[in-house]
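Q: Pasting a structure below so you can have a look.
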Amino acid sequence: MHRYRTHTCGALRADNIGSTVRLSGWCHRIRDHGGVLFIDLRDHYGLTQIVADPDSPAFKTAEKLRAEWVVRVDGRVRRRPDGTENPDLPTGAVEVFATDIEVLGPASELPMPVFGEQEYPEEIRLKYRFLDLRRERLHRNIMKRGAIIDSLRRRMKSQGFFEFQTPILTASSPEGARDFLVPSRLHPGKFYALPQAPQQFKQLIMISGFDRYFQIAPCFRDEDARADRSPGEFYQLDVEMSFVTQDDVFDAVEPVLRGVFEEFADGKPVTPKFPRIPYGEALRSYGTDKPDLRNPIRMQDVTAHFRSSGFKVFASMIASDPAVEVWAIPAPKGGNRAFCDRMNAWAQGEGLPGLGYIFWREGEEGGAGPLAKNVGIERSEAMRNQLGLTVGDAAFFVAGRPKDFIRFTGPARAKIAAELGLIDRDRFEFCWIVDFPMYEWNEEEKKIDFSHNPFSMPNLPPEEFLRLDPADKEKILGLKAIQYDIVCNGVELSSGAIRNHRPEVMKKAFAIAGYDESVLEQKFGGMLHALSLGAPPHGGIAPGIDRIVMLLCGEENLREVVLFPMNQRAEDLMMGAPSEVTPKQLRELHIRLNLPK
RNA sequence: GGGGGCGUAGCUCAGUUGGUCAGAGCGUCGGCCUGUCACGCCGAAGGUCGCGGGUUCGAGCCCCGUCGCUCCCGCCA
């Protein structure tokens, strides 16, 4: 007989009745009835009920056991008495009558229980992560994460992608997030940086002629955490392809994501064909570049209805500034004053002067509310028709320059839909966001900046781009990049682009953003050189693994799908990282500390 | 760096207008219990109400400061 077990705790069935078995595991739950005692023995595979009574030589040991002790149990499998089977357990038809119990690993009093669903403070959960990981939910999430990554790999490989490893110790890169630095012992005063993403490496892999790259890539960024952004490190399904257009990237990646979501979504519907929404349209319809398409509300421009209307506040704003627009947020089923007033109060809490509204009730043509009276029946009806609303519905209105109120309309749309219960949570709604602007105006520094990735190809023929006048601000700010995002349920899952593989276009692109050619040479010299020695057109994308797993596990926080996460202040409470190091270590690295007071 | 929320027993929380308000459930420990699976019953231990200061005859409660956790903004090409 094996030293520790003949079966796992999830294995025994009615077929095993009568056989002598050996199990090892944790004492999940102990129910001591005095004369008879039950132990739910748990391992990775499941639970098996162990029974002991005074006839058993193991009884005395069994009485001493406590929660989470690790034990080896020998016994005979027997059918549970009629009426005591547990249909909730795969092993629920049988139990093991213990003849011998050996304590393999006793446990002192637990800082948090494994059994039960009791919520525990994050700090304790992180410090005793191994206990938390024994709990069913986290254990299941982590296993699901592994299965998802397996599935991603399988799907990528079946499309001819090949997995490459890229360096972890590399060079600090300008632009982007703050780097994690690693001091060099051999080169006093110099530092490696951990890669924020293998961006340049994957492009170099294409330039090296490998054609289809992917990697489950660790990425490191020293930025502050969010619920959906781990501090420090996270993983991407990093992808790059040669000789491709945007459509080719979409055709390669969309089936992978759709497939993995369909596989792990537990039957929840997944968008069959991801719609493509231009960045500008996303802002106008949803108030954000990562719209939650489970929310059916789409905003509309209703400026024309308010121009020269009886609602003087909006009419005079429109008259005084051609940039002023009025947007409507339709609120189906929101047609009552209590709801409208509540939303108005919420808006004021958000720092807006207020949220004008019209709502439509039975037998009240032209709608109700102060705004309706002022614009009049005809305009009110025209708006109701444009918005496709009916009796029982409402619409909210914001006026001003879109760039000033846009950061408010996204949350307003989300709030209204949430309050009205318009969001079907049990589905995965994907879309591509395309046509991102190449540049944006930096108001503080009065200059043109890259809007996103400086390596993206501008969506303009090279000859035309090279002829651009850097002073032609309007044209430059109107330029699109061949850059795209994937958004699912309002979560930005990935970002990608067709890369700028033409050195002269790259130089021009950086020049427009105010970077001297010498700066470009200094910062991206290696890359520029590689592009000038025969670079294929190429592009790619990098879906965030942690966020995919989070969505598929139905979790709201990345820490629920990462094995050993850091807390929000980027500390590992279990390992005690970051930690101080010895003076000797510092000396070898030529580092002297200069700590804040 | 900034803002919001939270902080009462090991855990989850209640605590009214500032006046028996030091409480419940779970857990732990002890006792009883031969069919439970959130076992049950009886009992016990366990709290500087995050910390410091202030107002008051009196503070868990009000005020100021501070620390911790969390969510958000900044940041995240």
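Numbering starts fresh at 1 for the residues of each chain in the structure tokens, the chains themselves are lettered A, B, ... in the order given, and ligands are numbered from 1 as they appear.
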Could the residues of chain B within 7 Å of chain A, counting only C-alpha atoms (C1' of nucleotides), be given as a ChimeraX atom specification, please?
A: /B:10-11,33-36,39,75-77
Q: Would you mind listing what lies within 12 Å of A:Pro322 as a PyMOL selection string, with only C-alpha atoms (C1' of nucleotides) counted and same-chain residues fewer than 6 positions away left out?
A: chain A and resi 303-304+307+315-316+400-402
Q: Could you give me the residues within stretch 351-438 of chain A that DSSP places in helix (DSSP H, G or I), as a short mmCIF file (atom, residue, chain, number, x, y, z; two decimals) with C-alpha atoms, in the first residue's frame?
A:
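Saved the output as part-v8.cif:
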```
data_model
loop_
_atom_site.label_atom_id
_atom_site.label_comp_id
_atom_site.auth_asym_id
_atom_site.auth_seq_id
_atom_site.Cartn_x
_atom_site.Cartn_y
_atom_site.Cartn_z
CA PRO A 370 -39.63 71.89 -16.25
CA LEU A 371 -37.62 71.46 -19.42
CA ALA A 372 -40.55 70.06 -21.40
CA LYS A 373 -42.71 73.11 -20.64
CA ASN A 374 -40.01 75.44 -21.97
CA VAL A 375 -39.15 73.68 -25.22
CA ILE A 377 -44.75 70.06 -27.29
CA GLU A 378 -43.44 70.04 -30.85
CA ARG A 379 -39.72 69.93 -29.99
CA SER A 380 -40.29 67.57 -27.09
CA GLU A 381 -42.13 65.14 -29.37
CA ALA A 382 -39.42 65.43 -32.03
CA MET A 383 -36.81 64.45 -29.46
CA ARG A 384 -38.94 61.61 -28.14
CA ASN A 385 -39.19 60.27 -31.68
CA GLN A 386 -35.50 60.69 -32.38
CA LEU A 387 -34.61 58.84 -29.18
CA PRO A 402 -18.41 67.94 -25.33
CA LYS A 403 -14.78 67.86 -24.25
CA ASP A 404 -15.85 69.47 -20.96
CA PHE A 405 -18.79 67.22 -20.13
CA ILE A 406 -17.74 63.97 -21.74
CA ARG A 407 -16.01 62.59 -18.67
CA PHE A 408 -19.36 62.89 -16.93
CA THR A 409 -21.64 61.34 -19.56
CA GLY A 410 -20.08 57.87 -19.37
CA PRO A 411 -20.72 57.45 -15.64
CA ALA A 412 -24.19 59.04 -16.06
CA ARG A 413 -25.12 56.50 -18.73
CA ALA A 414 -23.86 53.68 -16.51
CA LYS A 415 -25.65 55.02 -13.44
CA ILE A 416 -28.97 55.42 -15.23
CA ALA A 417 -28.85 51.91 -16.67
CA ALA A 418 -27.82 50.39 -13.36
CA GLU A 419 -30.61 52.18 -11.48
CA LEU A 420 -33.18 51.08 -14.03
#
```
Q: I'd like a table as JSON lines: residues in stretch 473-555 of chain A with an atom no more than 10 Å from stretch 268-276 of chain A, each row giving the shortest atom pair and its distance in Å to one decimal, only C-alpha atoms counted, sorted by chain and rising residue number.
A:
```
{"residue": "A:Tyr484", "atom": "CA", "partner": "A:Arg276", "partner_atom": "CA", "distance": 9.4}
{"residue": "A:Asp485", "atom": "CA", "partner": "A:Arg276", "partner_atom": "CA", "distance": 9.8}
{"residue": "A:Ile486", "atom": "CA", "partner": "A:Phe274", "partner_atom": "CA", "distance": 8.9}
{"residue": "A:Val487", "atom": "CA", "partner": "A:Phe274", "partner_atom": "CA", "distance": 9.5}
{"residue": "A:Cys488", "atom": "CA", "partner": "A:Thr271", "partner_atom": "CA", "distance": 9.3}
{"residue": "A:Leu552", "atom": "CA", "partner": "A:Lys268", "partner_atom": "CA", "distance": 9.9}
```
Q: In Å, rounded to a single decimal, give me how far atom CA of A:Met574 is from atom C1' of B:G46.
A: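 Calculated distance between atom C1' of B:G46 and atom CA of A:Met574 is 26.7 Å.
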Q: Go through stretch 375-422 of chain A and collect every residue that DSSP, computed from the backbone, puts in strand (DSSP E); the answer should be as a list of chain:residue names.
A: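 Taking stretch 375-422 of chain A and keeping strand (DSSP E) gives A:Ala394, A:Ala395, A:Phe396, A:Phe397, A:Val398, A:Ala399, A:Gly400.
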Q: Give the answer as one residue: which of A:Lys64, A:Arg140, A:Arg284, A:Lys480 has the shortest atom-to-atom distance to A:Ala107, using only C-alpha atoms?
A: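 Smallest separation from A:Ala107 among the options: A:Lys64.
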Q: To one decimal place, how far is atom CA of A:Val519 from atom CA of A:Met506 in Å?
A: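 Pair atom CA of A:Val519 / atom CA of A:Met506 returns 12.4 Å.
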Q: Using only C-alpha atoms (C1' of nucleotides), can you tell me which of B:C21, B:C26, B:C13, B:C41 comes closest to B:A59?
A: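 Looking only at the distances to B:A59, the closest residue turns out to be B:C21.
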Q: For B:G53, list every protein, DNA or RNA residue within 12 Å, evaluated using only C-alpha atoms (C1' of nucleotides), and leave out those in the same chain fewer than 2 positions away; present the list as a ChimeraX atom specification.
A: /B:51,55,63-66
Q: With C-alpha atoms (C1' of nucleotides) retained, could you export that selection as a JSON list (two decimals), in the first residue's frame?
A:
```json
[["chain", "number", "residue", "atom", "x", "y", "z"],
["B", 51, "C", "C1'", -3.99, 55.58, 18.00],
["B", 55, "U", "C1'", -15.20, 69.59, 23.86],
["B", 63, "C", "C1'", -14.49, 68.05, 16.92],
["B", 64, "C", "C1'", -9.13, 68.09, 15.36],
["B", 65, "G", "C1'", -4.91, 65.29, 14.14],
["B", 66, "U", "C1'", -2.73, 60.70, 12.91]]
```
Q: For B:C42, work out the shell of residues within 12 Å, counting only C-alpha atoms (C1' of nucleotides) and skipping chain neighbours fewer than 4 positions away, then give it as a ChimeraX atom specification.
A: /B:30-33
Q: Which residues are close to A:Arg72, i.e. within 12 Å by only C-alpha atoms (C1' of nucleotides), leaving aside same-chain residues fewer than 2 positions away? Reply as number ranges by chain.
A: A: 2-9, 21-27, 41-43, 50, 58, 61-62, 65, 69-70, 74-75, 98-106
Q: Create the file for the chosen residues now, containing N, CA, C and O atoms and written as a CSV table (one decimal), in the first residue's frame.
A:
```csv
chain,number,residue,atom,x,y,z
A,2,HIS,N,0.5,2.2,-0.8
A,2,HIS,CA,1.3,3.5,-0.8
A,2,HIS,C,1.4,4.1,0.5
A,2,HIS,O,0.5,4.0,1.4
A,3,ARG,N,2.5,4.8,0.8
A,3,ARG,CA,2.7,5.4,2.1
A,3,ARG,C,1.6,6.4,2.5
A,3,ARG,O,1.2,6.5,3.6
A,4,TYR,N,1.0,7.1,1.5
A,4,TYR,CA,0.1,8.2,1.9
A,4,TYR,C,-1.3,7.9,1.4
A,4,TYR,O,-2.3,8.3,2.1
A,5,ARG,N,-1.5,7.4,0.2
A,5,ARG,CA,-2.9,7.2,-0.3
A,5,ARG,C,-3.0,6.2,-1.4
A,5,ARG,O,-2.1,6.1,-2.2
A,6,THR,N,-4.2,5.6,-1.4
A,6,THR,CA,-4.5,4.7,-2.5
A,6,THR,C,-5.5,5.4,-3.4
A,6,THR,O,-5.7,5.1,-4.6
A,7,HIS,N,-6.2,6.4,-2.9
A,7,HIS,CA,-7.2,7.2,-3.6
A,7,HIS,C,-7.1,8.6,-3.2
A,7,HIS,O,-6.6,8.9,-2.1
A,8,THR,N,-7.7,9.5,-4.0
A,8,THR,CA,-7.8,10.9,-3.6
A,8,THR,C,-9.1,11.1,-2.9
A,8,THR,O,-10.0,10.2,-2.9
A,9,CYS,N,-9.3,12.2,-2.3
A,9,CYS,CA,-10.6,12.5,-1.5
A,9,CYS,C,-11.8,12.7,-2.4
A,9,CYS,O,-12.9,12.9,-1.9
A,21,VAL,N,-9.1,1.2,1.9
A,21,VAL,CA,-8.4,2.3,1.2
A,21,VAL,C,-7.6,3.1,2.2
A,21,VAL,O,-7.7,3.0,3.4
A,22,ARG,N,-6.7,4.0,1.7
A,22,ARG,CA,-5.9,4.9,2.5
A,22,ARG,C,-6.0,6.3,1.8
A,22,ARG,O,-5.8,6.4,0.6
A,23,LEU,N,-6.4,7.2,2.6
A,23,LEU,CA,-6.6,8.6,2.1
A,23,LEU,C,-5.7,9.5,2.9
A,23,LEU,O,-5.4,9.3,4.1
A,24,SER,N,-5.3,10.6,2.3
A,24,SER,CA,-4.6,11.7,3.0
A,24,SER,C,-5.2,13.0,2.7
A,24,SER,O,-5.6,13.2,1.5
A,25,GLY,N,-5.3,13.9,3.7
A,25,GLY,CA,-5.8,15.2,3.4
A,25,GLY,C,-6.0,16.1,4.6
A,25,GLY,O,-5.4,15.8,5.6
A,26,TRP,N,-6.7,17.2,4.4
A,26,TRP,CA,-6.9,18.1,5.5
A,26,TRP,C,-8.3,17.8,6.2
A,26,TRP,O,-9.2,17.5,5.5
A,27,CYS,N,-8.3,18.0,7.5
A,27,CYS,CA,-9.6,17.9,8.2
A,27,CYS,C,-10.4,19.1,8.0
A,27,CYS,O,-10.2,20.2,8.6
A,41,LEU,N,-12.8,14.9,5.1
A,41,LEU,CA,-11.4,14.9,4.7
A,41,LEU,C,-11.3,15.5,3.3
A,41,LEU,O,-12.0,15.1,2.4
A,42,ARG,N,-10.5,16.6,3.2
A,42,ARG,CA,-10.4,17.3,2.0
A,42,ARG,C,-9.0,17.3,1.3
A,42,ARG,O,-8.0,17.4,2.0
A,43,ASP,N,-9.0,17.1,0.0
A,43,ASP,CA,-7.7,17.4,-0.7
A,43,ASP,C,-8.1,18.2,-2.0
A,43,ASP,O,-9.2,18.6,-2.1
A,50,ILE,N,-15.2,10.7,6.6
A,50,ILE,CA,-14.6,9.6,7.4
A,50,ILE,C,-15.5,9.5,8.6
A,50,ILE,O,-15.9,10.5,9.2
A,58,ALA,N,-9.2,3.7,15.8
A,58,ALA,CA,-8.7,5.1,15.5
A,58,ALA,C,-9.5,6.1,16.3
A,58,ALA,O,-9.2,7.3,16.1
A,61,THR,N,-7.6,8.8,18.5
A,61,THR,CA,-6.9,9.8,17.6
A,61,THR,C,-7.9,10.7,17.0
A,61,THR,O,-7.7,12.0,17.0
A,62,ALA,N,-9.0,10.2,16.5
A,62,ALA,CA,-10.0,11.0,15.8
A,62,ALA,C,-10.5,12.1,16.7
A,62,ALA,O,-10.7,13.3,16.3
A,65,LEU,N,-8.4,15.4,16.7
A,65,LEU,CA,-8.1,16.1,15.5
A,65,LEU,C,-8.8,17.5,15.6
A,65,LEU,O,-9.9,17.7,16.2
A,69,TRP,N,-5.8,20.0,10.3
A,69,TRP,CA,-4.7,19.1,10.5
A,69,TRP,C,-4.6,18.2,9.3
A,69,TRP,O,-5.7,17.9,8.7
A,70,VAL,N,-3.4,17.9,8.9
A,70,VAL,CA,-3.2,17.0,7.8
A,70,VAL,C,-3.0,15.6,8.3
A,70,VAL,O,-2.2,15.4,9.2
A,74,ASP,N,-6.6,5.3,7.2
A,74,ASP,CA,-6.9,4.0,6.6
A,74,ASP,C,-8.3,3.5,7.0
A,74,ASP,O,-8.7,3.8,8.2
A,75,GLY,N,-9.0,2.8,6.2
A,75,GLY,CA,-10.3,2.4,6.5
A,75,GLY,C,-11.0,1.6,5.5
A,75,GLY,O,-10.4,1.3,4.4
A,98,ALA,N,-12.9,4.6,9.7
A,98,ALA,CA,-11.5,4.7,9.9
A,98,ALA,C,-11.1,3.5,10.9
A,98,ALA,O,-11.7,3.3,11.9
A,99,THR,N,-10.0,2.9,10.5
A,99,THR,CA,-9.3,1.9,11.3
A,99,THR,C,-8.0,2.4,11.9
A,99,THR,O,-7.6,1.9,12.9
A,100,ASP,N,-7.4,3.3,11.2
A,100,ASP,CA,-6.1,3.9,11.7
A,100,ASP,C,-6.0,5.3,11.2
A,100,ASP,O,-6.3,5.6,10.0
A,101,ILE,N,-5.6,6.2,12.1
A,101,ILE,CA,-5.3,7.6,11.7
A,101,ILE,C,-4.0,8.0,12.1
A,101,ILE,O,-3.6,7.8,13.3
A,102,GLU,N,-3.2,8.6,11.2
A,102,GLU,CA,-1.9,9.1,11.5
A,102,GLU,C,-1.8,10.6,11.2
A,102,GLU,O,-2.2,11.1,10.2
A,103,VAL,N,-1.4,11.4,12.2
A,103,VAL,CA,-1.3,12.8,12.0
A,103,VAL,C,0.0,13.1,11.3
A,103,VAL,O,1.1,12.8,11.8
A,104,LEU,N,-0.1,13.7,10.1
A,104,LEU,CA,1.0,14.0,9.3
A,104,LEU,C,1.5,15.5,9.5
A,104,LEU,O,2.6,15.8,9.3
A,105,GLY,N,0.5,16.4,9.7
A,105,GLY,CA,0.9,17.8,9.9
A,105,GLY,C,-0.2,18.5,10.7
A,105,GLY,O,-1.2,18.9,10.2
A,106,PRO,N,0.1,18.6,12.0
A,106,PRO,CA,-0.9,19.3,12.9
A,106,PRO,C,-0.9,20.8,12.6
A,106,PRO,O,0.1,21.3,12.0
```
Q: Would you work out the distance separating atom CA of A:Asp424 from atom CA of A:Asp292, expressed in Å to one decimal?
A: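 Going from atom CA of A:Asp424 over to atom CA of A:Asp292, I get 10.6 Å.
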Q: Closest to A:His590 among A:Gly310, A:Glu555, A:Lys190, A:Phe59, using only C-alpha atoms?
A: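 Nearest candidate to A:His590 out of A:Gly310, A:Glu555, A:Lys190, A:Phe59: A:Lys190.
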